[in-house]
Protein chains: 4
Amino acid sequence: MISVKLVSYTNDGEKVIAIAAKMSRSRKGWDYHEKDMTDDEIETWIRDAILHGYWSVLEHSVYTFSIEEISRVASHQLVRHRIASYTQMSHRFAKPIDEYYKPIIPPSAKKRSKELVEKAYKEAYDNYYTLLESGVPEEDARYVLPNGVNTNIVVTMNARELYNFFSLRLCSRAQWEIRAIAWKMLEEVKKVHPRLFKYTGPNCIIHENFIRNENESITLEDIFKDYKLEFISQRCIEGVLRDGIKKCIINSRSVLDNIK
Amino acid sequence: MISVKLVSYTNDGEKVIAIAAKMSRSRKGWDYHEKDMTDDEIETWIRDAILHGYWSVLEHSVYTFSIEEISRVASHQLVRHRIASYTQMSHRFAKPIDEYYKPIIPPSAKKRSKELVEKAYKEAYDNYYTLLESGVPEEDARYVLPNGVNTNIVVTMNARELYNFFSLRLCSRAQWEIRAIAWKMLEEVKKVHPRLFKYTGPNCIIHENFIRNENESITLEDIFKDYKLEFISQRCIEGVLRDGIKKCIINSRSVLDNIK
Amino acid sequence: MISVKLVSYTNDGEKVIAIAAKMSRSRKGWDYHEKDMTDDEIETWIRDAILHGYWSVLEHSVYTFSIEEISRVASHQLVRHRIASYTQMSHRFAKPIDEYYKPIIPPSAKKRSKELVEKAYKEAYDNYYTLLESGVPEEDARYVLPNGVNTNIVVTMNARELYNFFSLRLCSRAQWEIRAIAWKMLEEVKKVHPRLFKYTGPNCIIHENFIRNENESITLEDIFKDYKLEFISQRCIEGVLRDGIKKCIINSRSVLDNIK
Amino acid sequence: MISVKLVSYTNDGEKVIAIAAKMSRSRKGWDYHEKDMTDDEIETWIRDAILHGYWSVLEHSVYTFSIEEISRVASHQLVRHRIASYTQMSHRFAKPIDEYYKPIIPPSAKKRSKELVEKAYKEAYDNYYTLLESGVPEEDARYVLPNGVNTNIVVTMNARELYNFFSLRLCSRAQWEIRAIAWKMLEEVKKVHPRLFKYTGPNCIIHENFIRNENESITLEDIFKDYKLEFISQRCIEGVLRDGIKKCIINSRSVLDNIK
């Protein structure tokens with residue numbers, strides 16, 4: 001259930017971003033900067049770009065994920081992010097039957113309601129199967145499949161769009177499933193480009209860093225380490241008041257525990 | 001079932017496009033051209049832009065549709081068109097119950113299979129309702145709603161994107177529902193901007209006009225009027241051979257009869 | 001010098017946005033909401049969307065400007081905003097000679113340096129003219145035209161992109177010319193859709209409103225009326241410290257005085 | 001003069017595209033397909049996508065170029081391609097003086113007119129320098145720099161946008177400089193992904209392949225090898241008649257000889 005794998009990315013993405021940022025201020029060409037760029041410099045150029053909202057340079061580093069066994073509820077939300085590339089398993093051509101029928105059960109459906117969901121999924125499957133057998137084409141039989149039916153999707157986003165995606169989907173207001181996908185995507189990209197995604201977070205973190213003195217910028221890690229951290233923001237963009245923001249972020253990530 | 005309404009658009013869109021096109025070749029400003037532009041000139045500038053692929057000027061005319069009572073199968077396909085704006089009825093906030101539950105029945109499901117679909121929809125509804133009653137939140141209960149469940153969506157596209165949308169979705173290879181939506185959208189925009197959408201069509205028409213002598217360009221109307229029309233294309237982009245293209249287009253539009 | 005004219009726009013844009021926003025929360029269709037929507041409701045839906053960052057609904061209202069007699073320095077910056085449509089006067093086809101040669105003189109070039117700029121423009125013109133006469137094609141002769149040479153451009157942006165454009169280009173860090181264009185565009189759209197653009201401003205205003213209690217949101221008008229207003233932000237995204245922000249905004253708009 | 005270097009790209013881009021294409025038709029996940037995918041299969045999936053216009057899968061492979069010592073005439077045209085990412089050397093921050101002033105001389109300016117261009121560039125430089133010395137800020141002094149002044153720009157495009165970019169800019173109607181850039185970009189990407197860019201070409205090639213029987217598809221290489229090749233298209237989209245198309249393509253690429 002819900003698998004997120006980073007299958008390809010710009011290997012030298014952090015360096016590419018730093019060189020591009022530097023070239024915008026310099027008269028010298030790529031080769032010159034590539035030779036000289038130190039790791040410290042890379043970190044500085046990236047940090048500076050993010051904390052001042054020079055997002056465009058982040059577009060030069062790109063990430064491809066294979067996101068599998070998610071519901072079509074989640075995929076429908078996912079593809080609303082328009083600055084990205086998608087290739088989705090099509091139920092017009094690939095029938096989700098037998099072991100390939102693995103509809104997603106929401107964690108909120110516990111005990112008796114879990115049984116209800118499972119019953120509903122079983123009935124939908126039977127109806128789908130009967131329709132196929134009665135000669136209804138696959139593309140039409142799928143109308144009776146549940147919204148929760150599983151799908152796979154290949155997604156390519158650049159680092160700028162990922163920052164935007166994370167700002168919206170790491171937020172506790174996002175539905176649990178796309179939120180779980182977002183937290184998993186974050187884990188993946190942080191492994192390969194920790195400097196680039198250091199300041200990622202839901203909108204509350206992003207906006208807080210835009211209005212905070214630069215030497216006091218905060219990260220998601222600070223939230224989980226230091227429960228004392230004080231926000232300057234009076235509210236987050238969704239309306240959560242200052243004192244509730246940290247708890248809200250912690251609550252948001254707990255979705256990962258619920259889907260284990 | 002499936003309602004498409006043009007609710008707002010650039011009233012003077014054809015003229016705006018023609019003036020913009022003319023300004024790209026002229027040193028004079030908007031006011032000068034606006035005063036002088038005749039209806040004939042508007043037609044000439046638009047025709048010239050389309051038949052030579054100068055699509056960018058078409059972006060200055062914009063259309064907003066309210067598309068109602070379509071399935072989430074169709075809306076999921078629709079929002080894959082990224083150069084457009086969408087606002088969709090959310091099943092997180094609006095429960096499709098009682099008279100608002102009107103799932104779409106594919107025309108291919110006839111007689112016995114129609115009963116099967118209706119039974120499936122009824123079962124799904126009952127399961128959904130029971131889940132809501134047992135306290136599962138709306139955003140999760142909807143996982144058992146069928147893919148065919150009805151939704152409403154407000155869509156804004158400019159004329160260039162509409163040409164692209166039509167080239168893909170008026171084609172018989174598009175699923176019947178989004179195809180029906182596309183043919184209905186075409187009817188709407190042709191009413192208000194006939195000169196602008198004169199050369200619209202599925203890809204077979206678009207490509208044929210790109211490679212055909214200009215004084216022999218063809219339109220969808222020619223297809224439905226004159227069954228004798230000869231294509232130069234050996235095949236359409238989807239692989240239909242020359243002799244089958246006209247019939248294929250006629251077949252594509254017949255979806256409008258099936259959903260009456 | 002620098003003329004900005006709103007030549008077309010979604011006349012009922014504010015209402016379209018409000019209805020779309022409402023429909024996302026409702027099971028009812030367009031007609032129902034259109035009949036009932038009051039002016040107060042329009043204002044509420046728009047304000048709510050902006051202060052909570054639900055930007056997508058703002059895309060349904062679209063604006064076309066004719067921006068004339070600006071430099072190619074400015075047009076090069078302008079077209080970097082990718083979520084917009086452009087049609088520009090082409091110096092490949094339209095020669096900027098005689099009365100059509102009106103290169104832009106930066107206000108910073110005063111007295112003696114103004115004469116210098118004028119001399120430079122005169123020399124460039126003579127060289128351009130001589131090249132044309134010697135048979136060099138227009139598209140190549142223009143290589144010797146100055147960056148400051150005048151151009152006209154038709155620009156279409158939706159309200160969401162305008163908010164983004166304004167956040168960057170109303171800022172005092174933007175170059176004076178594109179800043180002047182932005183302030184003039186703001187004047188134009190405020191005339192026709194005052195409720196929609198009430199909360200527009202450079203990033204300092206936008207971000208301040210995202211982190212401020214909702215009943216204390218601020219507008220550009222407050223800045224110019226009430227010099228006492230206190231920011232909560234410690235700094236703006238560009239690094240201007242809290243106490244300097246108001247002055248910075250006032251300074252930014254003063255570009256309009258310099259170009260009269 | 002005019003240097004184009006591919007500085008980063010999706011190393012396994014061809015495989016990523018093929019797997020994504022296959023996953024859209026399959027119920028199996030990434031790992032399964034990655035293990036099994038043969039080189040022949042990669043070629044087939046890519047070829048099939050391109051010849052049938054399934055462009056979206058091509059977006060998963062991305063290319064970053066450093067394009068150096070081009071004119072601001074060319075960069076202004078380049079950034080009009082909106083589905084791409086740009087970071088450009090800014091003349092607001094980096095002064096093009098001394099050895100960094102290398103304005104581009106159009107090949108059409110021969111002998112006496114070449115001297116004229118050089119004189120014009122020299123005068124512009126002197127004026128620019130004097131303005132800087134008189135205290136005019138860099139961002140304003142540059143108004144007197146020539147349009148031909150050199151700039152560097154980092155560009156990231158995916159393979160789909162590259163196909164679109166090439167279709168427009170490899171065409172003989174494109175200005176010589178951006179055309180030279182396009183032909184050089186093509187050389188770069190063909191070196192690393194020959195299968196992916198096999199069917200690239202100006203619009204005449206692209207459209208010809210859309211309407212031609214699949215087993216008779218043509219490539220740019222065919223044009224340069226086999227002068228006997230017959231087009232089915234009566235005209236190219238720009239209006240060149242059937243018999244002139246091949247010569248027109250050959251002529252277009254000859255720009256590479258002129259800029260050596």
# chains A, B, ... in the order shown; residues from 1 in each chain; ligands from 1
>>> residues_around(residues="D:Lys102", least_positions_apart="3", cutoff="8 Å", atoms="only C-alpha atoms", output="list in words")
Glu69, Glu99, Val149 and Asn150 of chain D
>>> closest_atom_pairs(of="chain D", to="chain C", cutoff="8 Å", atoms="only C-alpha atoms", output="JSON lines")
{"residue": "D:Val73", "atom": "CA", "partner": "C:Tyr143", "partner_atom": "CA", "distance": 7.1}
{"residue": "D:His76", "atom": "CA", "partner": "C:His76", "partner_atom": "CA", "distance": 5.7}
{"residue": "D:Val79", "atom": "CA", "partner": "C:Arg80", "partner_atom": "CA", "distance": 6.5}
{"residue": "D:Arg80", "atom": "CA", "partner": "C:Val79", "partner_atom": "CA", "distance": 6.5}
{"residue": "D:Arg82", "atom": "CA", "partner": "C:Arg82", "partner_atom": "CA", "distance": 5.1}
{"residue": "D:Ile83", "atom": "CA", "partner": "C:Arg82", "partner_atom": "CA", "distance": 7.7}
{"residue": "D:Ile104", "atom": "CA", "partner": "C:Tyr143", "partner_atom": "CA", "distance": 7.9}
{"residue": "D:Ile105", "atom": "CA", "partner": "C:Tyr143", "partner_atom": "CA", "distance": 7.9}
{"residue": "D:Pro106", "atom": "CA", "partner": "C:Asp140", "partner_atom": "CA", "distance": 6.1}
{"residue": "D:Ser108", "atom": "CA", "partner": "C:Val136", "partner_atom": "CA", "distance": 6.5}
{"residue": "D:Ala109", "atom": "CA", "partner": "C:Val136", "partner_atom": "CA", "distance": 6.2}
{"residue": "D:Ser113", "atom": "CA", "partner": "C:Leu131", "partner_atom": "CA", "distance": 6.4}
{"residue": "D:Leu116", "atom": "CA", "partner": "C:Asn127", "partner_atom": "CA", "distance": 7.1}
{"residue": "D:Val117", "atom": "CA", "partner": "C:Val144", "partner_atom": "CA", "distance": 6.8}
{"residue": "D:Ala120", "atom": "CA", "partner": "C:Asn127", "partner_atom": "CA", "distance": 6.0}
{"residue": "D:Tyr121", "atom": "CA", "partner": "C:Val144", "partner_atom": "CA", "distance": 6.8}
{"residue": "D:Glu123", "atom": "CA", "partner": "C:Glu123", "partner_atom": "CA", "distance": 7.7}
{"residue": "D:Ala124", "atom": "CA", "partner": "C:Ala120", "partner_atom": "CA", "distance": 6.6}
{"residue": "D:Asn127", "atom": "CA", "partner": "C:Ala120", "partner_atom": "CA", "distance": 6.0}
{"residue": "D:Leu131", "atom": "CA", "partner": "C:Ser113", "partner_atom": "CA", "distance": 6.4}
{"residue": "D:Ser134", "atom": "CA", "partner": "C:Ser113", "partner_atom": "CA", "distance": 6.9}
{"residue": "D:Val136", "atom": "CA", "partner": "C:Ala109", "partner_atom": "CA", "distance": 6.2}
{"residue": "D:Pro137", "atom": "CA", "partner": "C:Ser108", "partner_atom": "CA", "distance": 7.7}
{"residue": "D:Glu139", "atom": "CA", "partner": "C:Gln175", "partner_atom": "CA", "distance": 7.5}
{"residue": "D:Asp140", "atom": "CA", "partner": "C:Pro106", "partner_atom": "CA", "distance": 6.1}
{"residue": "D:Arg142", "atom": "CA", "partner": "C:Asn147", "partner_atom": "CA", "distance": 7.0}
{"residue": "D:Tyr143", "atom": "CA", "partner": "C:Gly148", "partner_atom": "CA", "distance": 4.3}
{"residue": "D:Val144", "atom": "CA", "partner": "C:Pro146", "partner_atom": "CA", "distance": 5.0}
{"residue": "D:Leu145", "atom": "CA", "partner": "C:Pro146", "partner_atom": "CA", "distance": 5.4}
{"residue": "D:Pro146", "atom": "CA", "partner": "C:Pro146", "partner_atom": "CA", "distance": 4.3}
{"residue": "D:Asn147", "atom": "CA", "partner": "C:Tyr143", "partner_atom": "CA", "distance": 4.8}
{"residue": "D:Gly148", "atom": "CA", "partner": "C:Tyr143", "partner_atom": "CA", "distance": 4.4}
{"residue": "D:Val149", "atom": "CA", "partner": "C:Tyr143", "partner_atom": "CA", "distance": 8.0}
{"residue": "D:Gln175", "atom": "CA", "partner": "C:Glu139", "partner_atom": "CA", "distance": 7.4}
>>> residues_around(residues="D:Val155", least_positions_apart="4", cutoff="12 Å", atoms="only C-alpha atoms", output="MDAnalysis selection string")
(chainID A and resid 16:17 20 23 30 56:57 59:61) or (chainID D and resid 4:9 62:68 75 78:79 81:89 161:162 181 185)
>>> residues_around(residues="stretch 216-226 of chain A", least_positions_apart="6", cutoff="9 Å", atoms="only C-alpha atoms", output="ChimeraX atom specification")
/A:51,198-202,205-206,208-210,246-247,249-250
>>> residues_around(residues="A:Asn215", least_positions_apart="6", cutoff="12 Å", atoms="only C-alpha atoms", output="PyMOL selection string")
(chain A and resi 47-48+51+209) or (chain C and resi 234-235+239)
>>> select_by_dssp(residues="stretch 27-227 of chain B", states="alpha helix (DSSP H)", output="compact mmCIF listing (two decimals) with N, CA and C atoms, in the first residue's frame")
# COMPACT_ATOMS: atom_id res chain seq x y z
N TRP B 30 -2.23 49.80 -30.46
CA TRP B 30 -3.55 49.17 -30.37
C TRP B 30 -4.67 50.06 -30.92
N ASP B 31 -4.69 51.32 -30.46
CA ASP B 31 -5.81 52.21 -30.82
C ASP B 31 -5.94 52.35 -32.34
N TYR B 32 -4.81 52.53 -32.98
CA TYR B 32 -4.82 52.68 -34.44
C TYR B 32 -5.48 51.48 -35.10
N HIS B 33 -5.04 50.27 -34.68
CA HIS B 33 -5.55 49.07 -35.34
C HIS B 33 -7.00 48.78 -34.95
N GLU B 34 -7.35 49.11 -33.73
CA GLU B 34 -8.71 48.82 -33.28
C GLU B 34 -9.73 49.61 -34.10
N LYS B 35 -9.38 50.86 -34.36
CA LYS B 35 -10.30 51.71 -35.11
C LYS B 35 -10.56 51.17 -36.52
N ASP B 36 -9.48 50.67 -37.12
CA ASP B 36 -9.52 50.35 -38.55
C ASP B 36 -9.92 48.92 -38.90
N ASP B 39 -14.19 43.43 -40.45
CA ASP B 39 -14.55 42.03 -40.22
C ASP B 39 -13.78 41.09 -41.15
N ASP B 40 -13.60 41.54 -42.39
CA ASP B 40 -12.83 40.72 -43.33
C ASP B 40 -11.40 40.52 -42.86
N GLU B 41 -10.83 41.60 -42.37
CA GLU B 41 -9.46 41.52 -41.88
C GLU B 41 -9.35 40.56 -40.70
N ILE B 42 -10.33 40.63 -39.80
CA ILE B 42 -10.32 39.72 -38.65
C ILE B 42 -10.27 38.28 -39.13
N GLU B 43 -11.12 37.97 -40.09
CA GLU B 43 -11.16 36.61 -40.61
C GLU B 43 -9.82 36.20 -41.23
N THR B 44 -9.23 37.12 -41.98
CA THR B 44 -7.96 36.81 -42.66
C THR B 44 -6.83 36.58 -41.66
N TRP B 45 -6.72 37.43 -40.66
CA TRP B 45 -5.63 37.27 -39.68
C TRP B 45 -5.78 35.97 -38.90
N ILE B 46 -7.02 35.63 -38.53
CA ILE B 46 -7.26 34.40 -37.78
C ILE B 46 -6.95 33.17 -38.63
N ARG B 47 -7.49 33.17 -39.84
CA ARG B 47 -7.26 32.04 -40.74
C ARG B 47 -5.77 31.83 -40.98
N ASP B 48 -5.09 32.92 -41.23
CA ASP B 48 -3.66 32.85 -41.51
C ASP B 48 -2.90 32.28 -40.32
N ALA B 49 -3.28 32.73 -39.13
CA ALA B 49 -2.60 32.24 -37.92
C ALA B 49 -2.78 30.73 -37.77
N ILE B 50 -4.00 30.27 -37.96
CA ILE B 50 -4.29 28.85 -37.73
C ILE B 50 -3.65 27.96 -38.79
N LEU B 51 -3.77 28.35 -40.05
CA LEU B 51 -3.26 27.47 -41.10
C LEU B 51 -1.73 27.45 -41.14
N ARG B 72 -16.43 11.18 -12.44
CA ARG B 72 -15.05 11.44 -12.03
C ARG B 72 -14.06 10.70 -12.94
N VAL B 73 -14.54 9.74 -13.70
CA VAL B 73 -13.69 9.19 -14.76
C VAL B 73 -13.35 10.30 -15.75
N ALA B 74 -14.36 11.02 -16.17
CA ALA B 74 -14.15 12.09 -17.16
C ALA B 74 -13.37 13.25 -16.56
N SER B 75 -13.69 13.63 -15.32
CA SER B 75 -13.00 14.79 -14.76
C SER B 75 -11.52 14.50 -14.55
N HIS B 76 -11.19 13.24 -14.25
CA HIS B 76 -9.79 12.86 -14.06
C HIS B 76 -9.03 13.00 -15.38
N GLN B 77 -9.69 12.65 -16.48
CA GLN B 77 -9.06 12.83 -17.80
C GLN B 77 -8.96 14.31 -18.16
N LEU B 78 -10.03 15.03 -17.84
CA LEU B 78 -10.10 16.45 -18.20
C LEU B 78 -8.95 17.25 -17.58
N LYS B 111 -29.50 -2.53 -21.77
CA LYS B 111 -30.38 -3.55 -21.19
C LYS B 111 -29.85 -4.19 -19.93
N ARG B 112 -29.54 -5.51 -20.01
CA ARG B 112 -29.16 -6.21 -18.80
C ARG B 112 -27.94 -5.58 -18.12
N SER B 113 -26.98 -5.18 -18.92
CA SER B 113 -25.80 -4.60 -18.30
C SER B 113 -26.12 -3.22 -17.70
N LYS B 114 -27.13 -2.56 -18.26
CA LYS B 114 -27.56 -1.29 -17.67
C LYS B 114 -28.11 -1.54 -16.27
N GLU B 115 -28.90 -2.59 -16.16
CA GLU B 115 -29.42 -2.94 -14.83
C GLU B 115 -28.29 -3.26 -13.86
N LEU B 116 -27.28 -3.93 -14.38
CA LEU B 116 -26.12 -4.27 -13.56
C LEU B 116 -25.41 -3.01 -13.04
N VAL B 117 -25.23 -2.07 -13.93
CA VAL B 117 -24.58 -0.81 -13.52
C VAL B 117 -25.43 -0.11 -12.46
N GLU B 118 -26.72 -0.09 -12.70
CA GLU B 118 -27.61 0.58 -11.74
C GLU B 118 -27.57 -0.12 -10.37
N LYS B 119 -27.54 -1.43 -10.40
CA LYS B 119 -27.43 -2.19 -9.16
C LYS B 119 -26.10 -1.85 -8.46
N ALA B 120 -25.02 -1.82 -9.24
CA ALA B 120 -23.71 -1.51 -8.66
C ALA B 120 -23.72 -0.12 -8.03
N TYR B 121 -24.32 0.83 -8.73
CA TYR B 121 -24.38 2.20 -8.21
C TYR B 121 -25.21 2.27 -6.93
N LYS B 122 -26.28 1.48 -6.90
CA LYS B 122 -27.14 1.46 -5.72
C LYS B 122 -26.38 0.88 -4.52
N GLU B 123 -25.70 -0.21 -4.75
CA GLU B 123 -24.93 -0.83 -3.66
C GLU B 123 -23.85 0.12 -3.14
N ALA B 124 -23.17 0.75 -4.07
CA ALA B 124 -22.10 1.68 -3.67
C ALA B 124 -22.67 2.81 -2.81
N TYR B 125 -23.83 3.29 -3.23
CA TYR B 125 -24.47 4.37 -2.48
C TYR B 125 -24.81 3.92 -1.07
N ASP B 126 -25.39 2.74 -0.96
CA ASP B 126 -25.76 2.24 0.36
C ASP B 126 -24.53 2.10 1.25
N ASN B 127 -23.46 1.57 0.67
CA ASN B 127 -22.23 1.41 1.45
C ASN B 127 -21.67 2.77 1.89
N TYR B 128 -21.70 3.71 0.97
CA TYR B 128 -21.22 5.07 1.27
C TYR B 128 -22.03 5.67 2.42
N TYR B 129 -23.34 5.54 2.29
CA TYR B 129 -24.23 6.12 3.28
C TYR B 129 -24.00 5.50 4.66
N THR B 130 -23.86 4.19 4.68
CA THR B 130 -23.63 3.49 5.94
C THR B 130 -22.30 3.94 6.57
N LEU B 131 -21.28 4.12 5.74
CA LEU B 131 -19.99 4.58 6.25
C LEU B 131 -20.11 5.97 6.87
N LEU B 132 -20.81 6.86 6.19
CA LEU B 132 -21.02 8.20 6.74
C LEU B 132 -21.72 8.10 8.10
N GLU B 133 -22.73 7.24 8.15
CA GLU B 133 -23.49 7.12 9.40
C GLU B 133 -22.65 6.52 10.53
N GLU B 138 -16.31 12.26 5.55
CA GLU B 138 -16.70 12.32 4.14
C GLU B 138 -15.55 12.04 3.19
N GLU B 139 -14.38 12.62 3.52
CA GLU B 139 -13.26 12.49 2.59
C GLU B 139 -12.77 11.05 2.47
N ASP B 140 -13.11 10.22 3.46
CA ASP B 140 -12.71 8.82 3.39
C ASP B 140 -13.85 7.91 2.94
N ALA B 141 -15.05 8.24 3.36
CA ALA B 141 -16.19 7.44 2.92
C ALA B 141 -16.29 7.40 1.39
N ALA B 159 -8.23 29.86 -26.44
CA ALA B 159 -8.56 29.28 -27.74
C ALA B 159 -7.45 28.36 -28.26
N ARG B 160 -6.20 28.66 -27.93
CA ARG B 160 -5.11 27.79 -28.38
C ARG B 160 -5.22 26.43 -27.72
N GLU B 161 -5.43 26.43 -26.41
CA GLU B 161 -5.57 25.17 -25.70
C GLU B 161 -6.83 24.43 -26.15
N LEU B 162 -7.89 25.18 -26.45
CA LEU B 162 -9.09 24.53 -26.96
C LEU B 162 -8.79 23.79 -28.26
N TYR B 163 -8.04 24.44 -29.16
CA TYR B 163 -7.65 23.75 -30.39
C TYR B 163 -6.91 22.45 -30.07
N ASN B 164 -6.02 22.50 -29.11
CA ASN B 164 -5.28 21.30 -28.73
C ASN B 164 -6.19 20.27 -28.08
N PHE B 165 -7.04 20.74 -27.17
CA PHE B 165 -8.00 19.86 -26.51
C PHE B 165 -8.90 19.17 -27.53
N PHE B 166 -9.43 19.95 -28.45
CA PHE B 166 -10.31 19.38 -29.48
C PHE B 166 -9.55 18.37 -30.35
N SER B 167 -8.30 18.69 -30.69
CA SER B 167 -7.55 17.79 -31.59
C SER B 167 -7.45 16.40 -30.97
N LEU B 168 -7.38 16.34 -29.65
CA LEU B 168 -7.25 15.05 -28.97
C LEU B 168 -8.60 14.45 -28.60
N ARG B 169 -9.55 15.27 -28.20
CA ARG B 169 -10.76 14.75 -27.57
C ARG B 169 -11.96 14.67 -28.49
N TRP B 176 -15.74 7.88 -24.70
CA TRP B 176 -17.01 8.46 -25.11
C TRP B 176 -17.41 9.70 -24.29
N GLU B 177 -17.13 9.69 -22.98
CA GLU B 177 -17.67 10.76 -22.15
C GLU B 177 -16.92 12.08 -22.36
N ILE B 178 -15.59 12.03 -22.33
CA ILE B 178 -14.84 13.26 -22.55
C ILE B 178 -15.01 13.70 -24.01
N ARG B 179 -15.24 12.74 -24.88
CA ARG B 179 -15.52 13.07 -26.28
C ARG B 179 -16.84 13.82 -26.40
N ALA B 180 -17.85 13.36 -25.69
CA ALA B 180 -19.14 14.06 -25.71
C ALA B 180 -18.97 15.48 -25.16
N ILE B 181 -18.21 15.60 -24.08
CA ILE B 181 -17.93 16.92 -23.50
C ILE B 181 -17.27 17.82 -24.54
N ALA B 182 -16.28 17.27 -25.24
CA ALA B 182 -15.55 18.06 -26.23
C ALA B 182 -16.46 18.53 -27.36
N TRP B 183 -17.29 17.63 -27.88
CA TRP B 183 -18.20 18.04 -28.96
C TRP B 183 -19.18 19.10 -28.49
N LYS B 184 -19.61 19.00 -27.22
CA LYS B 184 -20.52 20.02 -26.69
C LYS B 184 -19.81 21.36 -26.48
N MET B 185 -18.56 21.30 -26.02
CA MET B 185 -17.79 22.54 -25.87
C MET B 185 -17.63 23.21 -27.23
N LEU B 186 -17.36 22.40 -28.23
CA LEU B 186 -17.19 22.95 -29.59
C LEU B 186 -18.46 23.67 -30.05
N GLU B 187 -19.61 23.04 -29.82
CA GLU B 187 -20.87 23.69 -30.20
C GLU B 187 -21.00 25.06 -29.54
N GLU B 188 -20.62 25.10 -28.26
CA GLU B 188 -20.75 26.36 -27.51
C GLU B 188 -19.86 27.47 -28.08
N VAL B 189 -18.59 27.14 -28.31
CA VAL B 189 -17.69 28.20 -28.76
C VAL B 189 -17.93 28.59 -30.21
N LYS B 190 -18.42 27.64 -31.00
CA LYS B 190 -18.72 27.99 -32.41
C LYS B 190 -19.86 29.00 -32.50
N LYS B 191 -20.78 28.91 -31.54
CA LYS B 191 -21.89 29.87 -31.53
C LYS B 191 -21.38 31.30 -31.37
N VAL B 192 -20.41 31.49 -30.50
CA VAL B 192 -19.98 32.86 -30.20
C VAL B 192 -18.81 33.31 -31.08
N ASN B 203 -7.24 15.64 -34.59
CA ASN B 203 -5.91 15.77 -35.17
C ASN B 203 -5.87 15.50 -36.67
N CYS B 204 -6.73 14.59 -37.16
CA CYS B 204 -6.71 14.28 -38.60
C CYS B 204 -6.98 15.53 -39.43
N ILE B 205 -7.91 16.36 -38.95
CA ILE B 205 -8.23 17.61 -39.67
C ILE B 205 -7.10 18.62 -39.52
N ILE B 206 -6.62 18.77 -38.31
CA ILE B 206 -5.56 19.75 -38.03
C ILE B 206 -4.33 19.44 -38.89
N HIS B 207 -3.87 18.20 -38.84
CA HIS B 207 -2.66 17.86 -39.59
C HIS B 207 -2.89 17.94 -41.10
N GLU B 208 -4.06 17.50 -41.54
CA GLU B 208 -4.37 17.59 -42.97
C GLU B 208 -4.23 19.04 -43.45
N ASN B 209 -4.72 19.97 -42.67
CA ASN B 209 -4.63 21.38 -43.08
C ASN B 209 -3.21 21.92 -43.05
N PHE B 210 -2.36 21.32 -42.22
CA PHE B 210 -0.97 21.78 -42.16
C PHE B 210 -0.19 21.39 -43.41
N ILE B 211 -0.64 20.34 -44.09
CA ILE B 211 0.16 19.81 -45.20
C ILE B 211 -0.54 19.98 -46.54
N LEU B 220 -14.41 20.75 -40.42
CA LEU B 220 -15.32 19.70 -39.95
C LEU B 220 -16.63 19.72 -40.72
N GLU B 221 -17.09 20.93 -41.01
CA GLU B 221 -18.35 21.06 -41.76
C GLU B 221 -18.29 20.34 -43.10
N ASP B 222 -17.13 20.47 -43.76
CA ASP B 222 -16.98 19.78 -45.05
C ASP B 222 -17.17 18.28 -44.87
N ILE B 223 -16.68 17.76 -43.77
CA ILE B 223 -16.79 16.32 -43.51
C ILE B 223 -18.26 15.91 -43.47
N PHE B 224 -19.05 16.69 -42.77
CA PHE B 224 -20.43 16.30 -42.58
C PHE B 224 -21.31 16.64 -43.78
N LYS B 225 -20.84 17.61 -44.56
CA LYS B 225 -21.60 17.97 -45.77
C LYS B 225 -21.21 17.07 -46.93
